[in-house]
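To be precise, the following lines are structure35.csv, and they hold CSV, N, CA and C atoms and all ligand atoms.
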chain,number,residue,atom,x,y,z
D,1,MET,N,54.8,-132.4,163.9
D,1,MET,CA,55.5,-131.2,163.4
D,1,MET,C,56.5,-130.6,164.3
D,2,MET,N,56.1,-130.4,165.6
D,2,MET,CA,57.0,-129.9,166.6
D,2,MET,C,58.2,-130.8,166.8
D,3,LYS,N,57.9,-132.1,166.7
D,3,LYS,CA,59.0,-133.1,166.9
D,3,LYS,C,60.0,-132.9,165.8
D,4,ILE,N,59.5,-132.7,164.6
D,4,ILE,CA,60.5,-132.5,163.4
D,4,ILE,C,61.3,-131.2,163.6
D,5,VAL,N,60.6,-130.2,164.0
D,5,VAL,CA,61.3,-128.9,164.3
D,5,VAL,C,62.4,-129.1,165.4
D,6,ALA,N,62.0,-129.8,166.4
D,6,ALA,CA,62.9,-130.0,167.6
D,6,ALA,C,64.1,-130.8,167.1
D,7,LEU,N,63.8,-131.9,166.3
D,7,LEU,CA,64.9,-132.8,165.9
D,7,LEU,C,65.8,-132.0,164.9
D,8,THR,N,65.2,-131.2,164.1
D,8,THR,CA,66.1,-130.4,163.1
D,8,THR,C,67.0,-129.5,163.9
D,9,LEU,N,66.4,-128.9,165.0
D,9,LEU,CA,67.3,-128.0,165.8
D,9,LEU,C,68.4,-128.7,166.5
D,10,VAL,N,68.1,-129.9,167.0
D,10,VAL,CA,69.2,-130.7,167.6
D,10,VAL,C,70.3,-131.1,166.6
D,11,VAL,N,69.8,-131.5,165.5
D,11,VAL,CA,70.8,-131.9,164.4
D,11,VAL,C,71.6,-130.7,164.0
D,12,ALA,N,70.9,-129.6,163.8
D,12,ALA,CA,71.6,-128.3,163.3
D,12,ALA,C,72.6,-127.9,164.4
D,13,THR,N,72.2,-127.9,165.7
D,13,THR,CA,73.0,-127.5,166.7
D,13,THR,C,74.3,-128.4,166.8
D,14,SER,N,74.1,-129.7,166.6
D,14,SER,CA,75.3,-130.5,166.8
D,14,SER,C,76.2,-130.4,165.6
D,15,LEU,N,75.6,-129.9,164.4
D,15,LEU,CA,76.5,-129.6,163.3
D,15,LEU,C,77.2,-128.3,163.4
D,16,LEU,N,76.5,-127.3,164.0
D,16,LEU,CA,77.1,-126.0,164.2
D,16,LEU,C,78.1,-126.0,165.3
D,17,PHE,N,77.8,-126.8,166.4
D,17,PHE,CA,78.6,-126.8,167.6
D,17,PHE,C,79.1,-128.3,167.8
D,18,PRO,N,80.0,-128.8,167.0
D,18,PRO,CA,80.3,-130.2,167.2
D,18,PRO,C,80.8,-130.6,168.6
D,19,TRP,N,81.5,-129.6,169.2
D,19,TRP,CA,82.0,-129.9,170.5
D,19,TRP,C,80.9,-130.2,171.6
D,20,THR,N,79.7,-129.6,171.3
D,20,THR,CA,78.6,-129.9,172.2
D,20,THR,C,78.3,-131.3,172.3
D,21,ALA,N,78.2,-131.9,171.1
D,21,ALA,CA,77.9,-133.4,171.0
D,21,ALA,C,79.0,-134.2,171.7
D,22,GLY,N,80.3,-133.8,171.4
D,22,GLY,CA,81.4,-134.5,172.0
D,22,GLY,C,81.4,-134.4,173.5
D,23,ALA,N,81.1,-133.2,174.1
D,23,ALA,CA,81.1,-133.0,175.5
D,23,ALA,C,80.0,-133.9,176.1
D,24,GLN,N,78.8,-134.0,175.5
D,24,GLN,CA,77.8,-134.9,176.1
D,24,GLN,C,78.2,-136.3,176.0
D,25,ASP,N,78.9,-136.7,174.9
D,25,ASP,CA,79.4,-138.0,174.8
D,25,ASP,C,80.3,-138.4,176.0
D,26,ALA,N,81.1,-137.5,176.4
D,26,ALA,CA,82.0,-137.7,177.5
D,26,ALA,C,81.3,-138.2,178.8
D,27,VAL,N,80.1,-137.8,178.9
D,27,VAL,CA,79.3,-138.2,180.2
D,27,VAL,C,78.1,-139.0,179.8
D,28,LYS,N,78.1,-139.6,178.7
D,28,LYS,CA,76.9,-140.4,178.3
D,28,LYS,C,76.6,-141.5,179.3
D,29,LYS,N,77.6,-142.2,179.8
D,29,LYS,CA,77.5,-143.2,180.7
D,29,LYS,C,76.9,-142.7,182.1
D,30,CYS,N,77.2,-141.4,182.3
D,30,CYS,CA,76.8,-140.9,183.6
D,30,CYS,C,75.3,-140.5,183.7
D,31,LEU,N,74.7,-140.2,182.5
D,31,LEU,CA,73.4,-139.6,182.4
D,31,LEU,C,72.3,-140.5,183.0
D,32,ALA,N,72.5,-141.8,183.1
D,32,ALA,CA,71.5,-142.7,183.7
D,32,ALA,C,71.3,-142.3,185.2
D,33,CYS,N,72.4,-141.8,185.8
D,33,CYS,CA,72.3,-141.6,187.3
D,33,CYS,C,72.5,-140.1,187.7
D,34,HIS,N,73.0,-139.2,186.8
D,34,HIS,CA,73.3,-137.9,187.2
D,34,HIS,C,72.7,-136.9,186.2
D,35,THR,N,72.3,-135.7,186.6
D,35,THR,CA,72.0,-134.6,185.7
D,35,THR,C,73.2,-133.6,185.8
D,36,PHE,N,73.4,-132.8,184.8
D,36,PHE,CA,74.5,-131.9,184.7
D,36,PHE,C,74.1,-130.4,184.5
D,37,ASP,N,72.8,-130.2,184.4
D,37,ASP,CA,72.4,-128.8,184.2
D,37,ASP,C,72.2,-128.1,185.5
D,38,LYS,N,72.3,-126.8,185.5
D,38,LYS,CA,72.2,-126.0,186.8
D,38,LYS,C,70.8,-126.3,187.4
D,39,GLY,N,70.8,-126.6,188.7
D,39,GLY,CA,69.6,-126.9,189.4
D,39,GLY,C,68.9,-128.2,188.9
D,40,GLY,N,69.6,-129.0,188.2
D,40,GLY,CA,69.0,-130.3,187.7
D,40,GLY,C,68.7,-131.2,188.9
D,41,ALA,N,67.7,-132.1,188.6
D,41,ALA,CA,67.2,-133.0,189.7
D,41,ALA,C,68.3,-134.0,190.1
D,42,LYS,N,68.1,-134.5,191.3
D,42,LYS,CA,68.9,-135.6,191.8
D,42,LYS,C,68.3,-136.9,191.1
D,43,LYS,N,69.1,-137.7,190.6
D,43,LYS,CA,68.6,-139.0,190.1
D,43,LYS,C,69.0,-140.1,191.1
D,44,ILE,N,69.7,-141.1,190.6
D,44,ILE,CA,70.2,-142.1,191.5
D,44,ILE,C,71.4,-141.4,192.3
D,45,GLY,N,72.1,-140.6,191.6
D,45,GLY,CA,73.2,-139.8,192.2
D,45,GLY,C,72.9,-138.4,192.1
D,46,PRO,N,73.8,-137.6,192.8
D,46,PRO,CA,73.5,-136.1,192.9
D,46,PRO,C,73.7,-135.4,191.6
D,47,ASN,N,73.1,-134.2,191.4
D,47,ASN,CA,73.3,-133.3,190.3
D,47,ASN,C,74.8,-132.9,190.3
D,48,LEU,N,75.4,-132.8,189.2
D,48,LEU,CA,76.9,-132.6,189.2
D,48,LEU,C,77.2,-131.2,188.6
D,49,PHE,N,76.3,-130.3,188.5
D,49,PHE,CA,76.6,-129.0,188.0
D,49,PHE,C,77.6,-128.3,189.0
D,50,GLY,N,78.7,-127.8,188.6
D,50,GLY,CA,79.6,-127.0,189.4
D,50,GLY,C,80.4,-127.9,190.4
D,51,ILE,N,80.4,-129.2,190.2
D,51,ILE,CA,81.0,-130.1,191.1
D,51,ILE,C,82.6,-129.9,191.1
D,52,PHE,N,83.1,-129.6,189.9
D,52,PHE,CA,84.6,-129.5,189.9
D,52,PHE,C,85.0,-128.3,190.8
D,53,GLY,N,86.0,-128.7,191.6
D,53,GLY,CA,86.6,-127.7,192.5
D,53,GLY,C,85.8,-127.6,193.9
D,54,GLN,N,84.7,-128.3,194.0
D,54,GLN,CA,83.9,-128.3,195.2
D,54,GLN,C,84.3,-129.4,196.2
D,55,ALA,N,84.0,-129.2,197.4
D,55,ALA,CA,84.1,-130.3,198.4
D,55,ALA,C,83.0,-131.2,198.2
D,56,SER,N,83.3,-132.5,198.5
D,56,SER,CA,82.2,-133.5,198.3
D,56,SER,C,81.2,-133.3,199.4
D,57,THR,N,79.9,-133.5,199.0
D,57,THR,CA,78.8,-133.5,200.0
D,57,THR,C,78.3,-134.8,200.3
D,58,LEU,N,78.9,-135.9,199.8
D,58,LEU,CA,78.4,-137.2,200.1
D,58,LEU,C,78.6,-137.5,201.6
D,59,PRO,N,77.6,-138.0,202.3
D,59,PRO,CA,77.6,-138.2,203.7
D,59,PRO,C,78.9,-138.9,204.2
D,60,GLU,N,79.3,-139.9,203.5
D,60,GLU,CA,80.5,-140.6,203.9
D,60,GLU,C,81.8,-139.9,203.7
D,61,LEU,N,81.8,-138.8,202.9
D,61,LEU,CA,83.0,-138.0,202.6
D,61,LEU,C,83.1,-136.7,203.3
D,62,VAL,N,82.0,-136.2,203.8
D,62,VAL,CA,81.9,-134.9,204.5
D,62,VAL,C,82.9,-134.9,205.6
D,63,GLY,N,83.7,-133.8,205.7
D,63,GLY,CA,84.7,-133.7,206.8
D,63,GLY,C,86.0,-134.5,206.5
D,64,LYS,N,86.1,-135.1,205.3
D,64,LYS,CA,87.3,-135.9,205.0
D,64,LYS,C,88.3,-135.1,204.1
D,65,GLY,N,87.9,-133.9,203.9
D,65,GLY,CA,88.8,-133.1,203.0
D,65,GLY,C,88.8,-133.4,201.6
D,66,VAL,N,87.8,-134.0,201.1
D,66,VAL,CA,87.7,-134.4,199.7
D,66,VAL,C,87.2,-133.3,198.8
D,67,VAL,N,88.1,-132.7,198.0
D,67,VAL,CA,87.7,-131.7,197.0
D,67,VAL,C,87.8,-132.3,195.6
D,68,TRP,N,86.8,-132.1,194.8
D,68,TRP,CA,86.8,-132.7,193.5
D,68,TRP,C,87.7,-132.0,192.5
D,69,ASP,N,89.0,-132.2,192.6
D,69,ASP,CA,89.9,-131.6,191.6
D,69,ASP,C,90.3,-132.8,190.7
D,70,GLU,N,91.2,-132.5,189.8
D,70,GLU,CA,91.4,-133.5,188.8
D,70,GLU,C,92.0,-134.9,189.3
D,71,PRO,N,93.0,-134.8,190.2
D,71,PRO,CA,93.5,-136.1,190.7
D,71,PRO,C,92.5,-136.9,191.5
D,72,THR,N,91.7,-136.2,192.3
D,72,THR,CA,90.7,-136.8,193.1
D,72,THR,C,89.6,-137.5,192.2
D,73,LEU,N,89.2,-136.7,191.2
D,73,LEU,CA,88.2,-137.3,190.3
D,73,LEU,C,88.7,-138.5,189.5
D,74,MET,N,90.0,-138.4,189.1
D,74,MET,CA,90.6,-139.5,188.4
D,74,MET,C,90.6,-140.8,189.3
D,75,ALA,N,90.9,-140.6,190.5
D,75,ALA,CA,90.9,-141.8,191.4
D,75,ALA,C,89.5,-142.3,191.7
D,76,TYR,N,88.6,-141.3,192.0
D,76,TYR,CA,87.2,-141.7,192.3
D,76,TYR,C,86.6,-142.5,191.2
D,77,LEU,N,86.7,-141.9,190.0
D,77,LEU,CA,85.9,-142.5,188.8
D,77,LEU,C,86.5,-143.8,188.4
D,78,GLU,N,87.8,-144.1,188.7
D,78,GLU,CA,88.4,-145.4,188.4
D,78,GLU,C,87.7,-146.5,189.2
D,79,ASN,N,87.5,-146.1,190.5
D,79,ASN,CA,86.9,-147.1,191.4
D,79,ASN,C,86.3,-146.4,192.6
D,80,PRO,N,85.0,-146.0,192.5
D,80,PRO,CA,84.4,-145.2,193.6
D,80,PRO,C,84.5,-146.0,195.0
D,81,SER,N,84.2,-147.2,194.9
D,81,SER,CA,84.2,-148.0,196.2
D,81,SER,C,85.5,-148.0,196.9
D,82,ALA,N,86.6,-148.3,196.1
D,82,ALA,CA,87.9,-148.3,196.6
D,82,ALA,C,88.3,-146.9,197.1
D,83,PHE,N,87.9,-145.9,196.4
D,83,PHE,CA,88.2,-144.5,196.8
D,83,PHE,C,87.6,-144.2,198.2
D,84,ILE,N,86.3,-144.5,198.3
D,84,ILE,CA,85.6,-144.2,199.6
D,84,ILE,C,86.1,-145.1,200.7
D,85,ALA,N,86.4,-146.4,200.4
D,85,ALA,CA,87.0,-147.3,201.4
D,85,ALA,C,88.3,-146.7,201.9
D,86,ALA,N,89.1,-146.2,201.0
D,86,ALA,CA,90.4,-145.6,201.4
D,86,ALA,C,90.2,-144.4,202.3
D,87,LYS,N,89.2,-143.6,202.0
D,87,LYS,CA,89.0,-142.4,202.8
D,87,LYS,C,88.3,-142.6,204.1
D,88,THR,N,87.7,-143.8,204.2
D,88,THR,CA,86.9,-144.0,205.5
D,88,THR,C,87.5,-145.2,206.3
D,89,GLY,N,88.7,-145.6,205.9
D,89,GLY,CA,89.3,-146.7,206.6
D,89,GLY,C,88.5,-148.0,206.4
D,90,GLY,N,87.9,-148.1,205.2
D,90,GLY,CA,87.1,-149.3,204.9
D,90,GLY,C,85.7,-149.4,205.5
D,91,ALA,N,85.4,-148.3,206.1
D,91,ALA,CA,84.1,-148.3,206.8
D,91,ALA,C,82.9,-148.1,205.8
D,92,ALA,N,83.1,-147.6,204.6
D,92,ALA,CA,82.0,-147.3,203.7
D,92,ALA,C,82.4,-147.7,202.3
D,93,LYS,N,81.3,-148.0,201.5
D,93,LYS,CA,81.5,-148.3,200.1
D,93,LYS,C,80.7,-147.3,199.4
D,94,SER,N,81.0,-147.1,198.1
D,94,SER,CA,80.3,-146.2,197.3
D,94,SER,C,79.0,-146.8,196.8
D,95,LYS,N,77.9,-145.9,196.6
D,95,LYS,CA,76.7,-146.4,196.0
D,95,LYS,C,76.8,-146.2,194.5
D,96,MET,N,77.9,-145.7,194.0
D,96,MET,CA,78.0,-145.4,192.6
D,96,MET,C,78.6,-146.7,191.9
D,97,ALA,N,77.7,-147.4,191.2
D,97,ALA,CA,78.1,-148.7,190.6
D,97,ALA,C,78.6,-148.5,189.2
D,98,LEU,N,79.7,-147.7,189.0
D,98,LEU,CA,80.3,-147.6,187.7
D,98,LEU,C,81.8,-147.4,187.9
D,99,LEU,N,82.6,-148.2,187.2
D,99,LEU,CA,84.0,-148.1,187.2
D,99,LEU,C,84.5,-147.6,185.8
D,100,VAL,N,85.1,-146.5,185.7
D,100,VAL,CA,85.6,-146.0,184.4
D,100,VAL,C,87.1,-146.3,184.3
D,101,LYS,N,87.3,-147.5,183.7
D,101,LYS,CA,88.7,-148.0,183.7
D,101,LYS,C,89.7,-147.2,182.8
D,102,ASP,N,89.1,-146.7,181.7
D,102,ASP,CA,90.0,-146.0,180.7
D,102,ASP,C,90.3,-144.6,181.1
D,103,PRO,N,91.6,-144.3,181.4
D,103,PRO,CA,92.0,-143.0,181.8
D,103,PRO,C,91.6,-141.9,180.9
D,104,ALA,N,91.6,-142.1,179.6
D,104,ALA,CA,91.2,-141.1,178.6
D,104,ALA,C,89.8,-140.8,178.7
D,105,GLU,N,89.0,-141.8,179.0
D,105,GLU,CA,87.5,-141.6,179.2
D,105,GLU,C,87.3,-140.8,180.5
D,106,ARG,N,88.0,-141.1,181.5
D,106,ARG,CA,87.9,-140.3,182.8
D,106,ARG,C,88.2,-138.9,182.6
D,107,LYS,N,89.3,-138.7,181.9
D,107,LYS,CA,89.8,-137.3,181.6
D,107,LYS,C,88.8,-136.5,180.8
D,108,ALA,N,88.2,-137.2,179.8
D,108,ALA,CA,87.2,-136.5,179.0
D,108,ALA,C,86.0,-136.1,179.9
D,109,ALA,N,85.6,-137.0,180.8
D,109,ALA,CA,84.4,-136.7,181.6
D,109,ALA,C,84.8,-135.5,182.6
D,110,ILE,N,86.0,-135.5,183.1
D,110,ILE,CA,86.5,-134.5,184.0
D,110,ILE,C,86.5,-133.1,183.3
D,111,ASP,N,87.1,-133.1,182.1
D,111,ASP,CA,87.1,-131.9,181.3
D,111,ASP,C,85.7,-131.3,181.1
D,112,TYR,N,84.8,-132.2,180.9
D,112,TYR,CA,83.4,-131.7,180.7
D,112,TYR,C,82.9,-131.1,182.0
D,113,LEU,N,83.2,-131.8,183.2
D,113,LEU,CA,82.7,-131.3,184.5
D,113,LEU,C,83.3,-129.9,184.7
D,114,LYS,N,84.5,-129.6,184.2
D,114,LYS,CA,85.2,-128.3,184.4
D,114,LYS,C,84.4,-127.2,183.7
D,115,THR,N,83.7,-127.5,182.7
D,115,THR,CA,83.0,-126.5,181.9
D,115,THR,C,81.6,-126.1,182.6
D,116,LEU,N,81.2,-126.9,183.6
D,116,LEU,CA,79.9,-126.6,184.2
D,116,LEU,C,80.0,-125.6,185.3
D,117,LYS,N,80.0,-124.3,185.0
D,117,LYS,CA,80.0,-123.3,186.0
D,117,LYS,C,79.3,-122.1,185.6
D,201,LIG,C1,74.8,-146.4,188.2
D,201,LIG,C2,74.6,-145.0,188.6
D,201,LIG,C3,75.7,-144.1,188.4
D,201,LIG,C4,76.5,-143.8,187.3
D,201,LIG,C5,76.3,-144.5,185.9
D,201,LIG,C6,77.4,-142.8,187.6
D,201,LIG,N1,77.2,-142.4,188.9
D,201,LIG,FE1,78.3,-140.9,189.9
D,201,LIG,N2,77.2,-141.3,191.6
D,201,LIG,C7,76.2,-142.3,191.7
D,201,LIG,C8,75.8,-142.3,193.1
D,201,LIG,C9,74.7,-143.2,193.6
D,201,LIG,C10,76.6,-141.4,193.8
D,201,LIG,C11,76.6,-141.1,195.3
D,201,LIG,C12,77.6,-142.0,195.8
D,201,LIG,C13,77.5,-142.4,197.2
D,201,LIG,O1,76.6,-141.9,197.9
D,201,LIG,O2,78.4,-143.1,197.7
D,201,LIG,C14,77.5,-140.8,192.8
D,201,LIG,C15,78.4,-139.8,193.1
D,201,LIG,C16,79.2,-139.1,192.2
D,201,LIG,C17,80.2,-138.1,192.5
D,201,LIG,C18,80.4,-137.4,193.9
D,201,LIG,C19,79.4,-136.3,194.0
D,201,LIG,C20,79.5,-135.5,195.3
D,201,LIG,O3,78.5,-134.8,195.6
D,201,LIG,O4,80.5,-135.5,196.0
D,201,LIG,C21,80.8,-137.7,191.3
D,201,LIG,C22,81.8,-136.6,191.1
D,201,LIG,C23,80.2,-138.6,190.3
D,201,LIG,N3,79.3,-139.5,190.8
D,201,LIG,C24,80.6,-138.5,189.0
D,201,LIG,C25,80.1,-139.4,188.0
D,201,LIG,C26,80.6,-139.4,186.6
D,201,LIG,C27,81.5,-138.4,186.0
D,201,LIG,C28,80.0,-140.4,186.0
D,201,LIG,C29,80.1,-140.9,184.5
D,201,LIG,C30,81.5,-141.3,184.2
D,201,LIG,C31,79.1,-141.1,187.0
D,201,LIG,N4,79.2,-140.5,188.2
D,201,LIG,C32,78.3,-142.2,186.7
D,201,LIG,C33,75.7,-143.0,190.7
D,201,LIG,C34,76.2,-143.1,189.4

If you took the structure in this file and wrote it as structure tokens, what would it be?
Ligand code: HEC
Amino acid sequence: MMKIVALTLVVATSLLFPWTAGAQDAVKKCLACHTFDKGGAKKIGPNLFGIFGQASTLPELVGKGVVWDEPTLMAYLENPSAFIAAKTGGAAKSKMALLVKDPAERKAAIDYLKTLK
């Protein structure tokens, strides 16, 4: 019974707020490794609430002046390892094993990150 109520709520919410479903879609691929809610747990990767506009806290990027703005995220998400290699003179690789090749997909994910504050 509770399951049906919960399911009905989810469906009703996505009908009432279609952009909510769209926003989650933008980061569907990320959910395996990241949480996006405030105070969310670390999974394989760090929690990403409020990440937009913040300096990176990844050990290999600390002190390298990396702030997660739009151009930085566009470059990072396209190829995290190439991005980190470029910032560290090839000394480090990313542990993030996902390349988002489609620029529109990257932009959608970034737009979603901007809303998390
Ligand atoms: C396969 C697991 C995995 C997936 C999928 C993944 N990530 Fe990550 N992500 C990681 C890991 C691991 C790190 C930490 C990287 C490191 O230590 O080099 C990370 C780091 C990051 C960071 C840097 C965070 C910081 O504190 O500086 C951002 C931003 C990020 N991911 C965004 C995304 C987005 C957006 C998506 C979806 C398009 C995504 N990730 C998908 C594993 C993943």

So that I can check the surroundings of region 103-109 of chain D, please list as a PyMOL selection string every protein, DNA and RNA residue that reaches within 6.5 Å of it, counting only N, CA and C atoms and ignoring chain neighbours fewer than 3 positions away. chain D and resi 26-27+74+100+112-114

Create the file for the chosen residues now, containing N, CA and C atoms and written as a JSON list (two decimals), in the coordinates of the input.
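Result went into part_25.json, see below:
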[["chain", "number", "residue", "atom", "x", "y", "z"],
["D", 26, "ALA", "N", 81.10, -137.50, 176.40],
["D", 26, "ALA", "CA", 82.00, -137.70, 177.50],
["D", 26, "ALA", "C", 81.30, -138.20, 178.80],
["D", 27, "VAL", "N", 80.10, -137.80, 178.90],
["D", 27, "VAL", "CA", 79.30, -138.20, 180.20],
["D", 27, "VAL", "C", 78.10, -139.00, 179.80],
["D", 74, "MET", "N", 90.00, -138.40, 189.10],
["D", 74, "MET", "CA", 90.60, -139.50, 188.40],
["D", 74, "MET", "C", 90.60, -140.80, 189.30],
["D", 100, "VAL", "N", 85.10, -146.50, 185.70],
["D", 100, "VAL", "CA", 85.60, -146.00, 184.40],
["D", 100, "VAL", "C", 87.10, -146.30, 184.30],
["D", 112, "TYR", "N", 84.80, -132.20, 180.90],
["D", 112, "TYR", "CA", 83.40, -131.70, 180.70],
["D", 112, "TYR", "C", 82.90, -131.10, 182.00],
["D", 113, "LEU", "N", 83.20, -131.80, 183.20],
["D", 113, "LEU", "CA", 82.70, -131.30, 184.50],
["D", 113, "LEU", "C", 83.30, -129.90, 184.70],
["D", 114, "LYS", "N", 84.50, -129.60, 184.20],
["D", 114, "LYS", "CA", 85.20, -128.30, 184.40],
["D", 114, "LYS", "C", 84.40, -127.20, 183.70]]

Would you mind listing the residues within 5 Å of ligand LIG 201 (chain D), counting only N, CA and C atoms and all ligand atoms, as number ranges by chain? D: 29-30, 33, 44-46, 56-58, 94-97

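Note that the spacing between CA of Asp111 (chain D) and CA of Phe49 (chain D) amounts to 12.8 Å.
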
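Going from CA of Ile51 (chain D) over to atom C of Asp69 (chain D), you cover 9.7 Å.
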
When DSSP is applied to the backbone of this structure, which of chain D are assigned alpha helix (DSSP H)? Write them out as an MDAnalysis selection string. chainID D and resid 2:16 18:26 70:78 80:87 103:114

Quick one: everything within 12 Å of region 89-93 of chain D, counting only C-alpha atoms, minus sequence neighbours fewer than 2 positions away in the same chain. Send it as JSON, numbers by chain. {"D": [58, 59, 60, 61, 64, 76, 79, 80, 81, 82, 83, 84, 85, 86, 87, 95, 96, 97]}

Next, dump the selected residues to file, keeping only N, CA and C atoms, as a PDB file, in the coordinates of the input.
ATOM      1  N   LEU D  58      78.900-135.900 199.800  1.00  0.00           N
ATOM      2  CA  LEU D  58      78.400-137.200 200.100  1.00  0.00           C
ATOM      3  C   LEU D  58      78.600-137.500 201.600  1.00  0.00           C
ATOM      4  N   PRO D  59      77.600-138.000 202.300  1.00  0.00           N
ATOM      5  CA  PRO D  59      77.600-138.200 203.700  1.00  0.00           C
ATOM      6  C   PRO D  59      78.900-138.900 204.200  1.00  0.00           C
ATOM      7  N   GLU D  60      79.300-139.900 203.500  1.00  0.00           N
ATOM      8  CA  GLU D  60      80.500-140.600 203.900  1.00  0.00           C
ATOM      9  C   GLU D  60      81.800-139.900 203.700  1.00  0.00           C
ATOM     10  N   LEU D  61      81.800-138.800 202.900  1.00  0.00           N
ATOM     11  CA  LEU D  61      83.000-138.000 202.600  1.00  0.00           C
ATOM     12  C   LEU D  61      83.100-136.700 203.300  1.00  0.00           C
ATOM     13  N   LYS D  64      86.100-135.100 205.300  1.00  0.00           N
ATOM     14  CA  LYS D  64      87.300-135.900 205.000  1.00  0.00           C
ATOM     15  C   LYS D  64      88.300-135.100 204.100  1.00  0.00           C
ATOM     16  N   TYR D  76      88.600-141.300 192.000  1.00  0.00           N
ATOM     17  CA  TYR D  76      87.200-141.700 192.300  1.00  0.00           C
ATOM     18  C   TYR D  76      86.600-142.500 191.200  1.00  0.00           C
ATOM     19  N   ASN D  79      87.500-146.100 190.500  1.00  0.00           N
ATOM     20  CA  ASN D  79      86.900-147.100 191.400  1.00  0.00           C
ATOM     21  C   ASN D  79      86.300-146.400 192.600  1.00  0.00           C
ATOM     22  N   PRO D  80      85.000-146.000 192.500  1.00  0.00           N
ATOM     23  CA  PRO D  80      84.400-145.200 193.600  1.00  0.00           C
ATOM     24  C   PRO D  80      84.500-146.000 195.000  1.00  0.00           C
ATOM     25  N   SER D  81      84.200-147.200 194.900  1.00  0.00           N
ATOM     26  CA  SER D  81      84.200-148.000 196.200  1.00  0.00           C
ATOM     27  C   SER D  81      85.500-148.000 196.900  1.00  0.00           C
ATOM     28  N   ALA D  82      86.600-148.300 196.100  1.00  0.00           N
ATOM     29  CA  ALA D  82      87.900-148.300 196.600  1.00  0.00           C
ATOM     30  C   ALA D  82      88.300-146.900 197.100  1.00  0.00           C
ATOM     31  N   PHE D  83      87.900-145.900 196.400  1.00  0.00           N
ATOM     32  CA  PHE D  83      88.200-144.500 196.800  1.00  0.00           C
ATOM     33  C   PHE D  83      87.600-144.200 198.200  1.00  0.00           C
ATOM     34  N   ILE D  84      86.300-144.500 198.300  1.00  0.00           N
ATOM     35  CA  ILE D  84      85.600-144.200 199.600  1.00  0.00           C
ATOM     36  C   ILE D  84      86.100-145.100 200.700  1.00  0.00           C
ATOM     37  N   ALA D  85      86.400-146.400 200.400  1.00  0.00           N
ATOM     38  CA  ALA D  85      87.000-147.300 201.400  1.00  0.00           C
ATOM     39  C   ALA D  85      88.300-146.700 201.900  1.00  0.00           C
ATOM     40  N   ALA D  86      89.100-146.200 201.000  1.00  0.00           N
ATOM     41  CA  ALA D  86      90.400-145.600 201.400  1.00  0.00           C
ATOM     42  C   ALA D  86      90.200-144.400 202.300  1.00  0.00           C
ATOM     43  N   LYS D  87      89.200-143.600 202.000  1.00  0.00           N
ATOM     44  CA  LYS D  87      89.000-142.400 202.800  1.00  0.00           C
ATOM     45  C   LYS D  87      88.300-142.600 204.100  1.00  0.00           C
ATOM     46  N   LYS D  95      77.900-145.900 196.600  1.00  0.00           N
ATOM     47  CA  LYS D  95      76.700-146.400 196.000  1.00  0.00           C
ATOM     48  C   LYS D  95      76.800-146.200 194.500  1.00  0.00           C
ATOM     49  N   MET D  96      77.900-145.700 194.000  1.00  0.00           N
ATOM     50  CA  MET D  96      78.000-145.400 192.600  1.00  0.00           C
ATOM     51  C   MET D  96      78.600-146.700 191.900  1.00  0.00           C
ATOM     52  N   ALA D  97      77.700-147.400 191.200  1.00  0.00           N
ATOM     53  CA  ALA D  97      78.100-148.700 190.600  1.00  0.00           C
ATOM     54  C   ALA D  97      78.600-148.500 189.200  1.00  0.00           C
TER      55      ALA D  97
END

So, with only N, CA and C atoms as the atoms that count, which of D:Leu77, D:Ala55, D:Ala41, D:Val62 lies closest to Asp102 (chain D)? D:Leu77

Grab the atom N of Phe36 (chain D) to CA of Leu48 (chain D) distance for me, in Å with one decimal place.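 Going from atom N of Phe36 (chain D) over to CA of Leu48 (chain D), I get 5.6 Å.
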